[in-house]
Every structure is written in C-alpha cells, then in structure tokens.
Amino acid sequence: MRYESTFLSAVENLCGGPYYSLVGDEDTYENITHWYVGNGNLTDESKIPTKAEVEAEVERLKKEEVYKRQRTGQEVDGVVTTDTIYPDWGTQLDYIYHHGIDKWKTDIVDPVKAKYPKPS
C-alpha cells in the first residue's frame, strides 16, 4: 500500500504488511502500540523492526523520492530541475537516428545520471 506518510510506508516495507497498531496524531515508532505476530501476520517477534531500522528505511525512501523528483523535473527544495532532465522522446529518438545509440547514451543519458546519481 502507498501511504502519504513515509514512516508508514517504511514500517510496512520492513514488516511485509500493516502488522501493527498506531495511536496518536504523529507517525512515530513510539506511537506503535502493538505488533501483530502469528495468524498470517508477522511470522515471529524477530521480524519486528527496530527503531533504527525504521529510521534508516524512512531516510532511504526520502532519498528515493528526491531522486525520482529530480529526474523528472519536479520541484525539490524550491528548485525545479528542468535544466538537466531528459529531452522529450521525439528529440531523443531523432538523436538516436542521426547519431546512434552510443552517442545518445554519452551525450544525453550520462550527463543526467552523473548529476543525479541513484541513492545508495
């Protein structure tokens, strides 16, 4: 499931499903009141993620979202990144036709990948 909350997405990614109860107004690890173990939920208590694991997954998801937004020309931290995103498909296909795939990769794809490397 896709949540508005990065925290909820992170917990679900680590658990493999929504196997927890959350209370309160804030999505925090401290507000998880119960983990559902057994009966088709978490297989055992060793599958319950730690706070550090959830925080690391939240950071990973945030970096992934920034990466996606940068690569598609959306606003990130108040800056629109349209100066280095890929040209439209028609322009790219025309470039490939006239210059070949290798030149297209070197001139069009590689500069964008260099400016916006995938998060690790």
# chains A, B, ... in the order shown; residues from 1 in each chain; ligands from 1
>>> residues_around(residues="Lys51 of chain A", least_positions_apart="2", cutoff="10 Å", atoms="only C-alpha atoms", output="list of chain:residue names")
A:Val11, A:Thr28, A:Tyr29, A:Glu30, A:Ile48, A:Pro49, A:Glu53, A:Val54, A:Glu55, A:Ala56, A:Glu57
>>> select_by_dssp(residues="segment 6-35 of chain A", states="strand (DSSP E)", output="list in words")
Tyr20, Ser21, Leu22, Ile32, Thr33, His34 and Trp35 of chain A
>>> closest_residue(among="A:Leu61, A:Val76, A:Leu93, A:Leu22", to="Lys105 of chain A", atoms="only C-alpha atoms")
A:Leu93
>>> residues_around(residues="Trp35 of chain A", least_positions_apart="5", cutoff="8 Å", atoms="only C-alpha atoms", output="PyMOL selection string")
chain A and resi 19-21+48
>>> residues_around(residues="Ile85 of chain A", least_positions_apart="2", cutoff="10 Å", atoms="only C-alpha atoms", output="short mmCIF file (atom, residue, chain, number, x, y, z; two decimals) with C-alpha atoms, in the first residue's frame")
data_model
loop_
_atom_site.label_atom_id
_atom_site.label_comp_id
_atom_site.auth_asym_id
_atom_site.auth_seq_id
_atom_site.Cartn_x
_atom_site.Cartn_y
_atom_site.Cartn_z
CA GLN A 70 14.97 15.42 -9.69
CA ARG A 71 14.99 13.08 -12.67
CA THR A 72 11.51 14.14 -13.78
CA GLY A 73 11.96 17.90 -13.43
CA GLN A 74 9.73 18.33 -10.40
CA THR A 81 15.44 20.82 -12.13
CA THR A 82 14.31 21.20 -15.73
CA ASP A 83 17.77 22.24 -16.92
CA PRO A 87 14.66 15.80 -23.63
CA ASP A 88 11.27 14.63 -24.88
CA ILE A 108 22.01 12.71 -23.31
CA VAL A 109 21.74 9.94 -20.71
CA PRO A 111 25.05 13.76 -18.04
CA VAL A 112 21.69 13.36 -16.28
CA LYS A 113 22.82 10.22 -14.47
CA LYS A 115 24.16 14.98 -11.99
CA TYR A 116 21.50 12.85 -10.26
#
>>> select_by_dssp(residues="segment 2-120 of chain A", states="alpha helix (DSSP H)", output="VMD selection string")
chain A and resid 6 to 15 51 to 71 89 to 99 101 to 104 110 to 115
>>> write_last_selection(atoms="N, CA and C atoms", output="compact mmCIF listing (two decimals), in the first residue's frame")
# COMPACT_ATOMS: atom_id res chain seq x y z
N THR A 6 5.72 8.75 4.90
CA THR A 6 6.91 7.95 4.62
C THR A 6 7.15 6.96 5.75
N PHE A 7 6.83 7.35 6.98
CA PHE A 7 7.01 6.47 8.12
C PHE A 7 6.18 5.20 7.96
N LEU A 8 4.90 5.34 7.62
CA LEU A 8 4.03 4.17 7.48
C LEU A 8 4.52 3.27 6.35
N SER A 9 4.95 3.86 5.25
CA SER A 9 5.49 3.07 4.14
C SER A 9 6.73 2.31 4.57
N ALA A 10 7.59 2.96 5.34
CA ALA A 10 8.83 2.33 5.80
C ALA A 10 8.53 1.14 6.70
N VAL A 11 7.62 1.32 7.66
CA VAL A 11 7.28 0.22 8.57
C VAL A 11 6.68 -0.94 7.79
N GLU A 12 5.79 -0.64 6.86
CA GLU A 12 5.17 -1.70 6.07
C GLU A 12 6.18 -2.41 5.18
N ASN A 13 7.12 -1.68 4.61
CA ASN A 13 8.18 -2.30 3.80
C ASN A 13 8.97 -3.30 4.62
N LEU A 14 9.31 -2.91 5.84
CA LEU A 14 10.13 -3.77 6.69
C LEU A 14 9.35 -4.98 7.21
N CYS A 15 8.06 -4.79 7.46
CA CYS A 15 7.25 -5.88 8.02
C CYS A 15 6.64 -6.77 6.94
N LYS A 51 13.67 0.54 15.96
CA LYS A 51 13.51 1.96 15.64
C LYS A 51 14.59 2.40 14.65
N ALA A 52 15.82 1.95 14.84
CA ALA A 52 16.92 2.32 13.93
C ALA A 52 16.66 1.81 12.51
N GLU A 53 16.13 0.60 12.38
CA GLU A 53 15.82 0.05 11.06
C GLU A 53 14.73 0.88 10.38
N VAL A 54 13.71 1.26 11.15
CA VAL A 54 12.63 2.07 10.58
C VAL A 54 13.16 3.44 10.15
N GLU A 55 13.99 4.06 10.98
CA GLU A 55 14.55 5.37 10.63
C GLU A 55 15.42 5.28 9.38
N ALA A 56 16.19 4.21 9.24
CA ALA A 56 17.03 4.03 8.05
C ALA A 56 16.16 3.85 6.81
N GLU A 57 15.07 3.11 6.94
CA GLU A 57 14.17 2.90 5.81
C GLU A 57 13.46 4.20 5.43
N VAL A 58 13.09 5.01 6.41
CA VAL A 58 12.48 6.31 6.14
C VAL A 58 13.45 7.17 5.33
N GLU A 59 14.70 7.22 5.74
CA GLU A 59 15.71 8.01 5.01
C GLU A 59 15.90 7.49 3.60
N ARG A 60 15.94 6.17 3.44
CA ARG A 60 16.09 5.58 2.11
C ARG A 60 14.93 5.97 1.21
N LEU A 61 13.70 5.91 1.73
CA LEU A 61 12.53 6.28 0.95
C LEU A 61 12.53 7.76 0.58
N LYS A 62 12.98 8.61 1.50
CA LYS A 62 13.05 10.05 1.21
C LYS A 62 14.06 10.33 0.10
N LYS A 63 15.23 9.68 0.18
CA LYS A 63 16.25 9.87 -0.87
C LYS A 63 15.73 9.38 -2.21
N GLU A 64 15.03 8.26 -2.20
CA GLU A 64 14.48 7.72 -3.44
C GLU A 64 13.46 8.68 -4.04
N GLU A 65 12.64 9.30 -3.21
CA GLU A 65 11.64 10.25 -3.69
C GLU A 65 12.30 11.50 -4.29
N VAL A 66 13.33 12.02 -3.62
CA VAL A 66 14.06 13.18 -4.15
C VAL A 66 14.68 12.83 -5.50
N TYR A 67 15.28 11.65 -5.58
CA TYR A 67 15.89 11.18 -6.82
C TYR A 67 14.86 11.15 -7.95
N LYS A 68 13.70 10.58 -7.69
CA LYS A 68 12.65 10.49 -8.71
C LYS A 68 12.20 11.88 -9.14
N ARG A 69 12.05 12.78 -8.17
CA ARG A 69 11.59 14.13 -8.50
C ARG A 69 12.64 14.90 -9.30
N GLN A 70 13.90 14.75 -8.94
CA GLN A 70 14.97 15.42 -9.69
C GLN A 70 14.99 14.95 -11.13
N ARG A 71 14.88 13.65 -11.33
CA ARG A 71 14.99 13.08 -12.67
C ARG A 71 13.81 13.41 -13.56
N TRP A 89 10.77 12.46 -25.82
CA TRP A 89 11.06 11.21 -26.55
C TRP A 89 11.33 11.44 -28.03
N GLY A 90 10.58 12.34 -28.64
CA GLY A 90 10.78 12.60 -30.06
C GLY A 90 12.19 13.09 -30.36
N THR A 91 12.66 14.02 -29.54
CA THR A 91 14.00 14.55 -29.69
C THR A 91 15.05 13.45 -29.49
N GLN A 92 14.83 12.61 -28.48
CA GLN A 92 15.78 11.53 -28.21
C GLN A 92 15.81 10.52 -29.35
N LEU A 93 14.65 10.16 -29.86
CA LEU A 93 14.62 9.19 -30.98
C LEU A 93 15.29 9.76 -32.22
N ASP A 94 15.06 11.05 -32.47
CA ASP A 94 15.72 11.70 -33.60
C ASP A 94 17.23 11.71 -33.41
N TYR A 95 17.68 11.95 -32.20
CA TYR A 95 19.11 11.95 -31.89
C TYR A 95 19.71 10.56 -32.12
N ILE A 96 18.99 9.55 -31.68
CA ILE A 96 19.46 8.17 -31.89
C ILE A 96 19.54 7.86 -33.38
N TYR A 97 18.54 8.27 -34.13
CA TYR A 97 18.51 8.01 -35.58
C TYR A 97 19.71 8.65 -36.27
N HIS A 98 20.02 9.89 -35.90
CA HIS A 98 21.09 10.62 -36.59
C HIS A 98 22.49 10.33 -36.04
N HIS A 99 22.60 9.97 -34.75
CA HIS A 99 23.92 9.83 -34.12
C HIS A 99 24.22 8.44 -33.58
N ILE A 101 23.01 4.96 -30.93
CA ILE A 101 22.72 4.70 -29.51
C ILE A 101 23.89 5.12 -28.61
N ASP A 102 25.11 4.76 -28.99
CA ASP A 102 26.25 5.06 -28.12
C ASP A 102 26.41 6.56 -27.89
N LYS A 103 26.26 7.35 -28.94
CA LYS A 103 26.39 8.81 -28.83
C LYS A 103 25.23 9.36 -27.99
N TRP A 104 24.02 8.80 -28.16
CA TRP A 104 22.86 9.21 -27.36
C TRP A 104 23.13 8.97 -25.87
N ASP A 110 24.06 9.97 -19.96
CA ASP A 110 25.12 10.02 -18.96
C ASP A 110 25.18 11.34 -18.18
N PRO A 111 25.01 12.52 -18.83
CA PRO A 111 25.05 13.76 -18.04
C PRO A 111 23.97 13.85 -16.96
N VAL A 112 22.78 13.34 -17.27
CA VAL A 112 21.69 13.36 -16.28
C VAL A 112 22.00 12.39 -15.15
N LYS A 113 22.48 11.20 -15.50
CA LYS A 113 22.82 10.22 -14.47
C LYS A 113 23.98 10.71 -13.60
N ALA A 114 24.91 11.46 -14.18
CA ALA A 114 26.03 11.99 -13.41
C ALA A 114 25.56 13.07 -12.43
N LYS A 115 24.63 13.90 -12.86
CA LYS A 115 24.16 14.98 -11.99
C LYS A 115 23.25 14.44 -10.89
